[in-house]
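Peer 1: One structure coming up, written as structure tokens, with questions to follow.
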Amino acid sequence: MRFVKGHGTENDFVILPDPEGELELPTTLVAAMCDRRAGIGADGVLHVVRTKHSPEVADLADDAEWFMDYRNADGSLGEMCGNGTRVFARYLVDTGLALPGEFGVATRAGVKRVRLAETGDVSVDMGRPQVLGRSHTSVSGHEYEGLHVDMGNPHLACVIGDPVAQLDLGRQPAFDPERFPSGVNIELLNPVGPRRVVMRVFERGSGETRSCGTGAVASAVAAAHQAGESTGTWAVEVRGGTVTVTLDEHTSHLAGPAVLVASGELNL
Ligand SMILES: N[C@@H](CCC[C@H](N)C(=O)O)C(=O)O
């Protein structure tokens, strides 16, 4: 099985081209690929399938030729992945499956418009973040409150006073299972300047990752909320670099680098 490896601010993915949608991807296989010692190693898998050959999203085929079938490192399905969408677009263009410029990518959270800049950065229209209330988490015995933000996938974004650099995110932070019955991605963030935050994230299905695009947008929303703002451009510093989030009245945009670093044959 051919694969490509790529990342967006070190949120890394195994990319599996499968235009006709013929591959079976049981959770055990995905988890084995993502294993950092016994496999290729990644935060998730981007399964590249023509939208018309993907029954769950075939109705989106007129607006997006390709479907990003996203899987977390434990093999669970994700509705949406912001960095994944950017790396997916980089893959399509670099392999000639899409023309440079702007185009749609189908996801379980609908079609996302991506744009490749001449600088190499890839941006994606992430849609309007839905703020659904407040909830809480507990990390190493410390309780934090945050905003429940829906980005197509669930997030709890917490602006906290403790330095995020000192948090132990080696274990699943606690969350309210009644509010988040399918689990949640949890962001902890510190404002460090005007419209600039430092974020760490514990992703549902993958553990702590070095970046999360949907989480970066949720974090910008939480920081804006705290500052009494709702629009503007935020720099979100993550462990793997910096992404830019722009919020306006109608939607949100995520931008940053997206690169392919290797390709090969997976020996099953
Ligand atoms: N890394 C992603 C989010 C991936 C999905 C997430 N773990 C979930 O289960 O919702 C991003 O860049 O947005």
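So you can find residues: chains in the structure tokens are A, B, ... in the order shown, residues in each start at 1, and ligands are numbered from 1 in order.
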Report the closest atom pair, with its distance in Å rounded to one decimal, for each residue of chain A that has an atom no farther than 8 Å from ligand 1; count only C-alpha atoms and all ligand atoms, sort by chain and then rising residue number, and write it as a tab-separated table.
Peer 2:
residue	atom	partner	partner_atom_place_in_ligand_line	distance
A:Asn11	CA	ligand 1	1 (N)	6.2
A:Asp43	CA	ligand 1	1 (N)	7.2
A:Gly44	CA	ligand 1	4 (C)	7.3
A:Tyr70	CA	ligand 1	5 (C)	7.5
A:Arg71	CA	ligand 1	5 (C)	7.5
A:Asn72	CA	ligand 1	7 (N)	5.8
A:Ser76	CA	ligand 1	9 (O)	7.4
A:Leu77	CA	ligand 1	9 (O)	6.8
A:Gly78	CA	ligand 1	9 (O)	4.5
A:Glu79	CA	ligand 1	10 (O)	6.3
A:Met80	CA	ligand 1	5 (C)	5.8
A:Cys81	CA	ligand 1	13 (O)	3.5
A:Gly82	CA	ligand 1	13 (O)	3.7
A:Asn83	CA	ligand 1	12 (O)	3.8
A:Gly84	CA	ligand 1	12 (O)	5.6
A:Thr85	CA	ligand 1	12 (O)	7.7
A:Asn153	CA	ligand 1	10 (O)	4.7
A:Pro154	CA	ligand 1	10 (O)	6.1
A:His155	CA	ligand 1	10 (O)	7.7
A:Gly183	CA	ligand 1	9 (O)	7.8
A:Val184	CA	ligand 1	10 (O)	6.8
A:Asn185	CA	ligand 1	10 (O)	6.1
A:Glu203	CA	ligand 1	7 (N)	4.5
A:Arg204	CA	ligand 1	7 (N)	4.4
A:Gly205	CA	ligand 1	7 (N)	5.5
A:Ser206	CA	ligand 1	7 (N)	6.0
A:Thr209	CA	ligand 1	1 (N)	7.5
A:Ser211	CA	ligand 1	1 (N)	6.6
A:Cys212	CA	ligand 1	12 (O)	3.6
A:Gly213	CA	ligand 1	12 (O)	3.5
A:Thr214	CA	ligand 1	13 (O)	3.7
A:Gly215	CA	ligand 1	13 (O)	5.9
A:Ala216	CA	ligand 1	13 (O)	7.8
Peer 1: What's around region 111-124 of chain A at 6 Å? Count only C-alpha atoms, leave out sequence neighbours fewer than 2 positions away in its own chain, and write the answer as a list in words.
Peer 2: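 Surrounding residues, per the criterion: Arg86, Gly101, Glu102, Phe103, Gly104, Val105, Ala106, Thr107, Met126, His253, Leu254, Ala255, Gly256 and Pro257 of chain A.
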Peer 1: Just want the 7 Å neighbourhood of Glu20 (chain A), counted on only C-alpha atoms, with same-chain residues fewer than 6 positions away dropped. Output as a list in words.
Peer 2: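 The contact residues come out as Val49, Arg50 and His53 of chain A.
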Peer 1: For the structure I just gave you, how does DSSP split region 111-180 of chain A - specifically, which residues are strand (DSSP E)? Reply as a count of residues only.
Peer 2: 36
Peer 1: Could you name the residues that touch Val48 (chain A) at 8 Å or less, counting only C-alpha atoms, but leaving out those on the same chain fewer than 5 positions away, as a PDB file with C-alpha atoms, in the first residue's frame?
Peer 2:
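The resulting selection_9.pdb:
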ATOM      1  CA  ILE A  15      -1.855   9.988   3.665  1.00  0.00           C
ATOM      2  CA  LEU A  16      -3.383   6.966   1.904  1.00  0.00           C
ATOM      3  CA  PRO A  17      -4.363   7.461  -1.744  1.00  0.00           C
ATOM      4  CA  ASP A  18      -7.389   5.313  -2.628  1.00  0.00           C
ATOM      5  CA  PRO A  19      -9.290   7.121  -5.445  1.00  0.00           C
ATOM      6  CA  TRP A  66     -12.031  14.619  -3.128  1.00  0.00           C
ATOM      7  CA  PHE A  67     -13.158  13.408   0.302  1.00  0.00           C
ATOM      8  CA  MET A  68     -10.802  13.604   3.292  1.00  0.00           C
ATOM      9  CA  ASP A  69     -11.815  10.486   5.232  1.00  0.00           C
ATOM     10  CA  PHE A  88      -4.714  17.072   2.212  1.00  0.00           C
TER      11      PHE A  88
END
Peer 1: Would you mind telling me which residue in A:Leu247, A:Leu60, A:Leu188, A:Ala89 lies nearest to Val217 (chain A) when using only C-alpha atoms?
Peer 2: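 Answer, going by the shortest atom-to-atom distance: A:Leu247.
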Peer 1: Which residues come within 7 Å of Val164 (chain A), counting only C-alpha atoms, excluding same-chain residues fewer than 2 positions away, as a PyMOL selection string?
Peer 2: chain A and resi 162+166-167+188-190+200
Peer 1: Would you kindly return, as a list in words, each protein, DNA or RNA residue with an atom no farther than 10 Å from any atom of Pro194 (chain A), considering only C-alpha atoms and excluding same-chain residues fewer than 5 positions away?
Peer 2: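 Close residues of Pro194 (chain A): Ala227, Thr233, Trp234 and Ala235 of chain A.
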Peer 1: As a list in words, which residues of region 59-102 of chain A does DSSP assign to helix (DSSP H, G or I)?
Peer 2: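 Helix (DSSP H, G or I) assignments inside region 59-102 of chain A correspond to Asp59, Leu60, Gly82, Asn83, Gly84, Thr85, Arg86, Val87, Phe88, Ala89, Arg90, Tyr91, Leu92, Val93 and Asp94 of chain A.
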Peer 1: Could you check the closest approach to Val57 (chain A) for each of A:Ala262, A:Met151, A:Ala38, A:Ala109 and tell me which residue wins, using only C-alpha atoms?
Peer 2: A:Ala109
Peer 1: Could you check which of A:Glu178, A:Asp12, A:Glu208, A:Glu187 is closest to Val87 (chain A), using only C-alpha atoms?
Peer 2: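 With only C-alpha atoms as the atom set, the closest residue is A:Asp12.
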Peer 1: For CA of Pro191 (chain A) and CA of Val159 (chain A), determine how far apart the two atoms are, in Å to one decimal place.
Peer 2: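 Computing the Euclidean distance for CA of Pro191 (chain A) and CA of Val159 (chain A) yields 7.5 Å.
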